[in-house]
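*Asks:* Structure incoming, see below.
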2 protein chains.
Amino acid sequence: MNTPQMTRNQALVFDVLEKAEAPLSAYTILDKLRDQGFRAPLQVYRALEKLLEYGVVHRLESINSFVACAHPGEDCHSHGIVAFAICESCGQVIEFHDHEVDHRLMGWVRSQKFKPAKTTIEIRGTCEACAA
Amino acid sequence: MNTPQMTRNQALVFDVLEKAEAPLSAYTILDKLRDQGFRAPLQVYRALEKLLEYGVVHRLESINSFVACAHPGEDCHSHGIVAFAICESCGQVIEFHDHEVDHRLMGWVRSQKFKPAKTTIEIRGTCEACAA
DNA sequence: ATTGCACACGTTATAGCATAACGCAATTGA
DNA sequence: TCAATTGCGTTATGCTATAACGTGTGCAAT
């Protein structure tokens, strides 16, 4: 997909995510946008839905949060499966793409005649800076 | 970890999960155990916490649900990283272990000096039986 | 120009997931 | 016996996500 023009709400949400140092929950985003007129969760969720569709934002399932894609200007859907390392101490996220992992996983699902739609790989732990 | 004796609540929760054909949410488990005296979510969550610790139950992050481990009698923590294929139509879950995937992912986190604690791999899609 | 459609938006309400904080009872081990 | 630990029950609360309704705007087909 190539990214259409963002609406005002989408741009506001994306901007907050891009400037954040760590993934944000929808409600945290909402709070950051109250001054811009945001009032209800749905305003955030609707924007996020589109941003996910455009491939400029990722959802981190294991922490119910959202993060801007590390490859600005590109559609992350084109990178194959994305893996994330999430620091549980500072929240920092590292994004990673590995074709071998893709290949193994897709080979397996294929052998099961399973038709994959969306794949999540998330590694929670401690980043270098936060390690004791 | 080797599994200590389960308490009554843990056994009830585990039993419900083992007999289920698909992952269950904590609240669904609660409803199934009302007749056994369960009243509050915490009774379920506390049992689940232990069952996860014992390695006899998995949490599926992407659907906020829980499933009994496919390897009864063993501690799933010993199998390395576990991947799940989750059918979005019928709910069925297939469990999978692949050392090559483990190896690639762990090699990568190592190169990042990232210390992994818990890894999630979940593939949502359609199982063979549910495919059109 | 008018009609119809698609889409984004705003609002209220509600559903679904998870934990905090309190107190009690049973068990264990010093 | 005493203290520490663990499990349990209950109430209350907080966080995450969506349903349902209505409004406005832009645009294309007639």
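Residue numbering restarts at 1 in every chain; chains get A, B, ... in the order shown in the structure tokens, and ligands count up from 1 in that same order.
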How close does chain A get to chain D? List, as a Markdown table, each residue of chain A within 10 Å, its nearest atom pair and the distance in Å to one decimal, counting only C-alpha atoms (C1' of nucleotides).
*Replies:*
```
| residue | atom | partner | partner_atom | distance |
| --- | --- | --- | --- | --- |
| A:Ser25 | CA | D:DT16 | C1' | 8.7 |
| A:Ala26 | CA | D:DT16 | C1' | 8.2 |
| A:Tyr27 | CA | D:DT16 | C1' | 8.2 |
| A:Pro41 | CA | D:DA17 | C1' | 8.5 |
| A:Leu42 | CA | D:DT18 | C1' | 8.3 |
| A:Tyr45 | CA | D:DA17 | C1' | 8.3 |
| A:Asn64 | CA | D:DT16 | C1' | 7.7 |
| A:Ser65 | CA | D:DT16 | C1' | 9.9 |
```
*Asks:* Which residues of chain A are close to chain B, meaning at most 9 Å apart when you count only C-alpha atoms, and how do they look as a CSV table (one decimal) with N, CA, C and O atoms, in the first residue's frame?
*Replies:*
```csv
chain,number,residue,atom,x,y,z
A,60,LEU,N,2.2,-3.3,19.4
A,60,LEU,CA,2.9,-4.2,20.2
A,60,LEU,C,1.9,-5.0,21.1
A,60,LEU,O,1.4,-4.4,22.0
A,61,GLU,N,1.6,-6.2,20.7
A,61,GLU,CA,0.5,-6.9,21.3
A,61,GLU,C,0.8,-7.2,22.8
A,61,GLU,O,-0.1,-7.2,23.6
A,62,SER,N,2.0,-7.5,23.1
A,62,SER,CA,2.3,-7.9,24.4
A,62,SER,C,2.3,-6.8,25.4
A,62,SER,O,2.3,-7.1,26.6
A,63,ILE,N,2.3,-5.6,25.0
A,63,ILE,CA,2.2,-4.5,25.9
A,63,ILE,C,1.1,-3.5,25.6
A,63,ILE,O,1.1,-2.4,26.1
A,83,ALA,N,10.2,-8.3,13.8
A,83,ALA,CA,10.4,-8.7,15.2
A,83,ALA,C,10.8,-7.5,16.0
A,83,ALA,O,11.4,-6.6,15.5
A,85,ALA,N,12.3,-6.2,19.8
A,85,ALA,CA,12.9,-6.4,21.2
A,85,ALA,C,12.5,-5.2,22.0
A,85,ALA,O,12.7,-4.0,21.6
A,86,ILE,N,11.8,-5.5,23.1
A,86,ILE,CA,11.2,-4.4,23.9
A,86,ILE,C,11.8,-4.4,25.3
A,86,ILE,O,11.7,-5.4,26.0
A,87,CYS,N,12.5,-3.3,25.6
A,87,CYS,CA,13.1,-3.3,27.0
A,87,CYS,C,12.0,-3.0,28.0
A,87,CYS,O,11.3,-2.0,27.9
A,94,ILE,N,13.6,-2.1,19.7
A,94,ILE,CA,14.4,-2.3,18.5
A,94,ILE,C,13.7,-3.2,17.5
A,94,ILE,O,13.1,-4.2,17.9
A,96,PHE,N,13.4,-5.4,13.9
A,96,PHE,CA,14.4,-6.3,13.3
A,96,PHE,C,13.6,-7.2,12.2
A,96,PHE,O,12.5,-7.5,12.4
A,98,ASP,N,14.2,-10.5,9.7
A,98,ASP,CA,15.1,-11.6,9.3
A,98,ASP,C,14.4,-12.6,8.4
A,98,ASP,O,13.4,-13.2,8.8
A,100,GLU,N,15.4,-15.4,7.3
A,100,GLU,CA,15.5,-16.8,7.6
A,100,GLU,C,14.4,-17.2,8.6
A,100,GLU,O,13.7,-18.2,8.5
A,101,VAL,N,14.1,-16.3,9.6
A,101,VAL,CA,13.0,-16.5,10.5
A,101,VAL,C,11.7,-16.6,9.8
A,101,VAL,O,10.9,-17.5,10.0
A,102,ASP,N,11.5,-15.6,8.9
A,102,ASP,CA,10.3,-15.6,8.1
A,102,ASP,C,10.1,-17.0,7.4
A,102,ASP,O,9.1,-17.6,7.4
A,104,ARG,N,11.5,-19.9,7.9
A,104,ARG,CA,11.2,-21.1,8.8
A,104,ARG,C,9.7,-21.1,9.2
A,104,ARG,O,9.0,-22.1,9.2
A,105,LEU,N,9.3,-19.9,9.7
A,105,LEU,CA,7.9,-19.9,10.2
A,105,LEU,C,6.9,-20.1,9.1
A,105,LEU,O,6.0,-20.9,9.2
A,108,TRP,N,6.8,-23.7,8.0
A,108,TRP,CA,6.0,-24.5,9.0
A,108,TRP,C,4.5,-24.3,8.8
A,108,TRP,O,3.8,-25.3,8.7
A,109,VAL,N,4.0,-23.0,8.7
A,109,VAL,CA,2.6,-22.9,8.6
A,109,VAL,C,2.1,-23.5,7.3
A,109,VAL,O,1.0,-24.1,7.2
A,112,GLN,N,1.4,-27.0,7.6
A,112,GLN,CA,0.2,-27.2,8.4
A,112,GLN,C,-1.0,-26.8,7.6
A,112,GLN,O,-2.1,-26.8,8.1
A,113,LYS,N,-0.8,-26.3,6.4
A,113,LYS,CA,-1.9,-25.8,5.6
A,113,LYS,C,-2.6,-24.7,6.3
A,113,LYS,O,-3.8,-24.5,6.2
A,114,PHE,N,-1.8,-23.9,7.0
A,114,PHE,CA,-2.4,-22.8,7.8
A,114,PHE,C,-2.1,-21.6,6.9
A,114,PHE,O,-1.0,-21.4,6.4
A,115,LYS,N,-3.1,-20.7,6.8
A,115,LYS,CA,-2.9,-19.5,6.0
A,115,LYS,C,-2.7,-18.3,6.9
A,115,LYS,O,-3.6,-17.8,7.6
A,116,PRO,N,-1.5,-17.8,7.0
A,116,PRO,CA,-1.1,-16.7,7.9
A,116,PRO,C,-1.7,-15.4,7.5
A,116,PRO,O,-1.7,-15.1,6.3
A,117,ALA,N,-2.2,-14.6,8.4
A,117,ALA,CA,-2.6,-13.3,8.1
A,117,ALA,C,-1.7,-12.2,8.7
A,117,ALA,O,-1.3,-11.3,8.1
A,118,LYS,N,-1.5,-12.4,10.0
A,118,LYS,CA,-0.7,-11.4,10.7
A,118,LYS,C,0.2,-12.1,11.8
A,118,LYS,O,-0.3,-12.9,12.5
A,119,THR,N,1.5,-11.8,11.7
A,119,THR,CA,2.4,-12.5,12.6
A,119,THR,C,3.0,-11.5,13.6
A,119,THR,O,3.4,-10.4,13.2
A,120,THR,N,3.1,-11.9,14.8
A,120,THR,CA,3.7,-11.1,15.9
A,120,THR,C,4.9,-11.8,16.5
A,120,THR,O,4.9,-13.0,16.9
A,121,ILE,N,6.0,-11.1,16.5
A,121,ILE,CA,7.2,-11.6,17.2
A,121,ILE,C,7.7,-10.5,18.2
A,121,ILE,O,8.1,-9.4,17.7
A,122,GLU,N,7.6,-10.8,19.4
A,122,GLU,CA,8.0,-9.8,20.4
A,122,GLU,C,8.9,-10.4,21.5
A,122,GLU,O,8.4,-11.3,22.1
A,123,ILE,N,10.0,-9.8,21.7
A,123,ILE,CA,10.9,-10.3,22.7
A,123,ILE,C,11.0,-9.3,23.8
A,123,ILE,O,11.5,-8.2,23.6
A,124,ARG,N,10.5,-9.6,25.0
A,124,ARG,CA,10.6,-8.7,26.1
A,124,ARG,C,11.9,-9.0,26.9
A,124,ARG,O,12.2,-10.2,27.1
A,125,GLY,N,12.5,-8.0,27.4
A,125,GLY,CA,13.7,-8.2,28.2
A,125,GLY,C,14.4,-6.9,28.6
A,125,GLY,O,13.7,-5.9,28.8
A,126,THR,N,15.7,-6.9,28.6
A,126,THR,CA,16.4,-5.7,29.1
A,126,THR,C,17.4,-5.3,28.0
A,126,THR,O,18.2,-6.1,27.6
A,127,CYS,N,17.4,-4.0,27.7
A,127,CYS,CA,18.3,-3.5,26.7
A,127,CYS,C,19.7,-3.3,27.3
A,127,CYS,O,19.9,-3.3,28.5
A,128,GLU,N,20.7,-3.1,26.4
A,128,GLU,CA,22.1,-3.0,26.9
A,128,GLU,C,22.2,-1.9,27.9
A,128,GLU,O,22.8,-2.1,29.0
A,129,ALA,N,21.6,-0.7,27.7
A,129,ALA,CA,21.8,0.4,28.6
A,129,ALA,C,21.2,0.1,29.9
A,129,ALA,O,21.7,0.6,31.0
A,131,ALA,N,20.8,-2.9,31.3
A,131,ALA,CA,21.3,-4.1,32.0
A,131,ALA,C,22.1,-3.7,33.2
A,131,ALA,O,22.8,-2.7,33.2
```
*Asks:* Taking only C-alpha atoms (C1' of nucleotides) into account, find every residue of chain C that has an atom no more than 9 Å from chain A, and write it out as a CSV table (one decimal) with C-alpha atoms (C1' of nucleotides), in the first residue's frame.
*Replies:*
```csv
chain,number,residue,atom,x,y,z
C,8,DA,C1',-13.7,11.1,8.7
C,9,DC,C1',-15.2,12.9,12.8
C,10,DG,C1',-17.4,13.8,17.6
C,11,DT,C1',-20.0,11.9,21.6
```
*Asks:* Return chain A as a PDB file with C-alpha atoms, in the first residue's frame, after superposing it on chain B by a least-squares fit that covers all C-alpha atoms paired in order.
*Replies:*
```
ATOM      1  CA  MET A   1      10.806 -25.942  37.188  1.00  0.00           C
ATOM      2  CA  ASN A   2       9.015 -29.090  38.192  1.00  0.00           C
ATOM      3  CA  THR A   3       5.373 -28.719  38.900  1.00  0.00           C
ATOM      4  CA  PRO A   4       4.294 -28.751  42.519  1.00  0.00           C
ATOM      5  CA  GLN A   5       0.902 -30.020  43.551  1.00  0.00           C
ATOM      6  CA  MET A   6      -1.815 -27.758  42.235  1.00  0.00           C
ATOM      7  CA  THR A   7      -4.246 -26.121  44.579  1.00  0.00           C
ATOM      8  CA  ARG A   8      -7.960 -26.590  44.109  1.00  0.00           C
ATOM      9  CA  ASN A   9      -8.366 -23.337  42.198  1.00  0.00           C
ATOM     10  CA  GLN A  10      -5.381 -23.993  40.006  1.00  0.00           C
ATOM     11  CA  ALA A  11      -6.648 -27.489  39.216  1.00  0.00           C
ATOM     12  CA  LEU A  12     -10.091 -26.174  38.336  1.00  0.00           C
ATOM     13  CA  VAL A  13      -8.706 -23.541  35.995  1.00  0.00           C
ATOM     14  CA  PHE A  14      -6.292 -25.963  34.387  1.00  0.00           C
ATOM     15  CA  ASP A  15      -9.051 -28.471  33.892  1.00  0.00           C
ATOM     16  CA  VAL A  16     -11.229 -25.967  32.095  1.00  0.00           C
ATOM     17  CA  LEU A  17      -8.354 -25.044  29.803  1.00  0.00           C
ATOM     18  CA  GLU A  18      -7.455 -28.632  29.061  1.00  0.00           C
ATOM     19  CA  LYS A  19     -10.988 -29.516  28.078  1.00  0.00           C
ATOM     20  CA  ALA A  20     -11.435 -26.421  25.930  1.00  0.00           C
ATOM     21  CA  GLU A  21     -11.012 -26.697  22.187  1.00  0.00           C
ATOM     22  CA  ALA A  22      -9.707 -23.184  21.913  1.00  0.00           C
ATOM     23  CA  PRO A  23      -7.991 -20.568  24.034  1.00  0.00           C
ATOM     24  CA  LEU A  24     -10.148 -18.970  26.698  1.00  0.00           C
ATOM     25  CA  SER A  25     -10.113 -15.522  28.200  1.00  0.00           C
ATOM     26  CA  ALA A  26      -9.864 -15.159  31.950  1.00  0.00           C
ATOM     27  CA  TYR A  27     -13.451 -13.989  32.119  1.00  0.00           C
ATOM     28  CA  THR A  28     -14.690 -16.934  30.100  1.00  0.00           C
ATOM     29  CA  ILE A  29     -12.907 -19.229  32.507  1.00  0.00           C
ATOM     30  CA  LEU A  30     -14.516 -17.359  35.371  1.00  0.00           C
ATOM     31  CA  ASP A  31     -17.964 -17.945  33.909  1.00  0.00           C
ATOM     32  CA  LYS A  32     -17.273 -21.636  33.480  1.00  0.00           C
ATOM     33  CA  LEU A  33     -16.307 -21.915  37.114  1.00  0.00           C
ATOM     34  CA  ARG A  34     -19.157 -20.017  38.747  1.00  0.00           C
ATOM     35  CA  ASP A  35     -20.796 -23.291  39.693  1.00  0.00           C
ATOM     36  CA  GLN A  36     -17.598 -24.312  41.446  1.00  0.00           C
ATOM     37  CA  GLY A  37     -17.755 -21.205  43.580  1.00  0.00           C
ATOM     38  CA  PHE A  38     -15.706 -18.750  41.581  1.00  0.00           C
ATOM     39  CA  ARG A  39     -16.892 -15.200  42.009  1.00  0.00           C
ATOM     40  CA  ALA A  40     -14.134 -12.793  41.024  1.00  0.00           C
ATOM     41  CA  PRO A  41     -11.587 -12.369  38.204  1.00  0.00           C
ATOM     42  CA  LEU A  42      -8.739 -12.458  40.651  1.00  0.00           C
ATOM     43  CA  GLN A  43      -9.419 -16.056  41.491  1.00  0.00           C
ATOM     44  CA  VAL A  44      -8.790 -16.878  37.862  1.00  0.00           C
ATOM     45  CA  TYR A  45      -5.839 -14.564  37.353  1.00  0.00           C
ATOM     46  CA  ARG A  46      -4.083 -15.831  40.452  1.00  0.00           C
ATOM     47  CA  ALA A  47      -4.465 -19.420  39.343  1.00  0.00           C
ATOM     48  CA  LEU A  48      -3.316 -18.556  35.820  1.00  0.00           C
ATOM     49  CA  GLU A  49      -0.251 -16.805  37.159  1.00  0.00           C
ATOM     50  CA  LYS A  50       0.855 -19.992  38.865  1.00  0.00           C
ATOM     51  CA  LEU A  51      -0.023 -22.215  35.941  1.00  0.00           C
ATOM     52  CA  LEU A  52       2.045 -20.015  33.642  1.00  0.00           C
ATOM     53  CA  GLU A  53       4.877 -20.220  36.142  1.00  0.00           C
ATOM     54  CA  TYR A  54       4.629 -24.007  36.206  1.00  0.00           C
ATOM     55  CA  GLY A  55       4.774 -24.006  32.432  1.00  0.00           C
ATOM     56  CA  VAL A  56       1.553 -25.918  31.895  1.00  0.00           C
ATOM     57  CA  VAL A  57      -0.369 -23.028  30.386  1.00  0.00           C
ATOM     58  CA  HIS A  58       0.495 -20.468  27.723  1.00  0.00           C
ATOM     59  CA  ARG A  59      -0.731 -16.950  27.395  1.00  0.00           C
ATOM     60  CA  LEU A  60      -1.606 -15.780  23.907  1.00  0.00           C
ATOM     61  CA  GLU A  61      -0.801 -12.098  23.967  1.00  0.00           C
ATOM     62  CA  SER A  62      -2.436 -11.211  20.707  1.00  0.00           C
ATOM     63  CA  ILE A  63      -5.854 -12.435  21.760  1.00  0.00           C
ATOM     64  CA  ASN A  64      -5.676 -11.982  25.534  1.00  0.00           C
ATOM     65  CA  SER A  65      -6.365 -15.620  26.114  1.00  0.00           C
ATOM     66  CA  PHE A  66      -4.910 -18.708  27.696  1.00  0.00           C
ATOM     67  CA  VAL A  67      -4.406 -22.236  26.499  1.00  0.00           C
ATOM     68  CA  ALA A  68      -3.178 -25.461  28.085  1.00  0.00           C
ATOM     69  CA  CYS A  69       0.240 -26.510  26.872  1.00  0.00           C
ATOM     70  CA  ALA A  70       0.143 -29.113  24.133  1.00  0.00           C
ATOM     71  CA  HIS A  71       2.708 -31.256  25.950  1.00  0.00           C
ATOM     72  CA  PRO A  72       0.905 -32.597  28.968  1.00  0.00           C
ATOM     73  CA  GLY A  73       3.104 -33.579  31.829  1.00  0.00           C
ATOM     74  CA  GLU A  74       6.050 -31.509  30.698  1.00  0.00           C
ATOM     75  CA  ASP A  75       7.231 -28.067  31.519  1.00  0.00           C
ATOM     76  CA  CYS A  76       6.937 -26.039  28.353  1.00  0.00           C
ATOM     77  CA  HIS A  77       9.634 -23.683  29.528  1.00  0.00           C
ATOM     78  CA  SER A  78      12.103 -26.373  28.604  1.00  0.00           C
ATOM     79  CA  HIS A  79      11.143 -26.424  24.957  1.00  0.00           C
ATOM     80  CA  GLY A  80      12.732 -23.152  24.043  1.00  0.00           C
ATOM     81  CA  ILE A  81      10.697 -20.552  22.254  1.00  0.00           C
ATOM     82  CA  VAL A  82       7.180 -21.580  21.416  1.00  0.00           C
ATOM     83  CA  ALA A  83       5.353 -20.380  18.356  1.00  0.00           C
ATOM     84  CA  PHE A  84       1.598 -20.512  17.959  1.00  0.00           C
ATOM     85  CA  ALA A  85      -0.630 -20.585  14.927  1.00  0.00           C
ATOM     86  CA  ILE A  86      -4.028 -19.297  15.927  1.00  0.00           C
ATOM     87  CA  CYS A  87      -7.032 -19.774  13.695  1.00  0.00           C
ATOM     88  CA  GLU A  88      -9.105 -16.627  13.768  1.00  0.00           C
ATOM     89  CA  SER A  89     -12.115 -18.544  12.568  1.00  0.00           C
ATOM     90  CA  CYS A  90     -12.372 -21.565  14.873  1.00  0.00           C
ATOM     91  CA  GLY A  91      -9.885 -20.539  17.526  1.00  0.00           C
ATOM     92  CA  GLN A  92      -7.826 -23.693  17.241  1.00  0.00           C
ATOM     93  CA  VAL A  93      -4.207 -23.311  18.248  1.00  0.00           C
ATOM     94  CA  ILE A  94      -1.226 -25.233  16.918  1.00  0.00           C
ATOM     95  CA  GLU A  95       1.961 -25.138  18.947  1.00  0.00           C
ATOM     96  CA  PHE A  96       5.366 -25.283  17.355  1.00  0.00           C
ATOM     97  CA  HIS A  97       9.008 -25.311  18.394  1.00  0.00           C
ATOM     98  CA  ASP A  98      11.849 -24.570  16.053  1.00  0.00           C
ATOM     99  CA  HIS A  99      15.443 -24.385  17.113  1.00  0.00           C
ATOM    100  CA  GLU A 100      16.530 -22.552  14.002  1.00  0.00           C
ATOM    101  CA  VAL A 101      14.087 -19.750  14.712  1.00  0.00           C
ATOM    102  CA  ASP A 102      15.258 -19.659  18.317  1.00  0.00           C
ATOM    103  CA  HIS A 103      18.807 -19.551  17.149  1.00  0.00           C
ATOM    104  CA  ARG A 104      18.285 -16.691  14.710  1.00  0.00           C
ATOM    105  CA  LEU A 105      16.329 -14.604  17.140  1.00  0.00           C
ATOM    106  CA  MET A 106      18.683 -15.222  20.031  1.00  0.00           C
ATOM    107  CA  GLY A 107      21.664 -14.516  17.808  1.00  0.00           C
ATOM    108  CA  TRP A 108      20.149 -11.208  16.895  1.00  0.00           C
ATOM    109  CA  VAL A 109      19.287 -10.126  20.430  1.00  0.00           C
ATOM    110  CA  ARG A 110      22.755 -11.138  21.465  1.00  0.00           C
ATOM    111  CA  SER A 111      24.237  -8.895  18.787  1.00  0.00           C
ATOM    112  CA  GLN A 112      22.176  -6.070  20.236  1.00  0.00           C
ATOM    113  CA  LYS A 113      23.339  -6.898  23.733  1.00  0.00           C
ATOM    114  CA  PHE A 114      19.710  -7.300  24.585  1.00  0.00           C
ATOM    115  CA  LYS A 115      18.850  -9.702  27.375  1.00  0.00           C
ATOM    116  CA  PRO A 116      15.668 -11.581  26.492  1.00  0.00           C
ATOM    117  CA  ALA A 117      13.225 -12.570  29.208  1.00  0.00           C
ATOM    118  CA  LYS A 118      10.066 -13.703  27.445  1.00  0.00           C
ATOM    119  CA  THR A 119       9.458 -14.206  23.758  1.00  0.00           C
ATOM    120  CA  THR A 120       6.150 -14.253  21.939  1.00  0.00           C
ATOM    121  CA  ILE A 121       5.583 -15.661  18.468  1.00  0.00           C
ATOM    122  CA  GLU A 122       1.988 -15.757  17.340  1.00  0.00           C
ATOM    123  CA  ILE A 123       0.702 -16.261  13.836  1.00  0.00           C
ATOM    124  CA  ARG A 124      -2.928 -15.415  13.327  1.00  0.00           C
ATOM    125  CA  GLY A 125      -4.687 -16.707  10.269  1.00  0.00           C
ATOM    126  CA  THR A 126      -6.903 -19.488   9.046  1.00  0.00           C
ATOM    127  CA  CYS A 127      -6.447 -23.186   9.705  1.00  0.00           C
ATOM    128  CA  GLU A 128      -6.828 -25.852   7.069  1.00  0.00           C
ATOM    129  CA  ALA A 129     -10.319 -26.842   8.156  1.00  0.00           C
ATOM    130  CA  CYS A 130     -11.548 -23.264   8.097  1.00  0.00           C
ATOM    131  CA  ALA A 131      -9.954 -22.275   4.801  1.00  0.00           C
ATOM    132  CA  ALA A 132     -12.590 -21.412   2.244  1.00  0.00           C
TER     133      ALA A 132
END
```
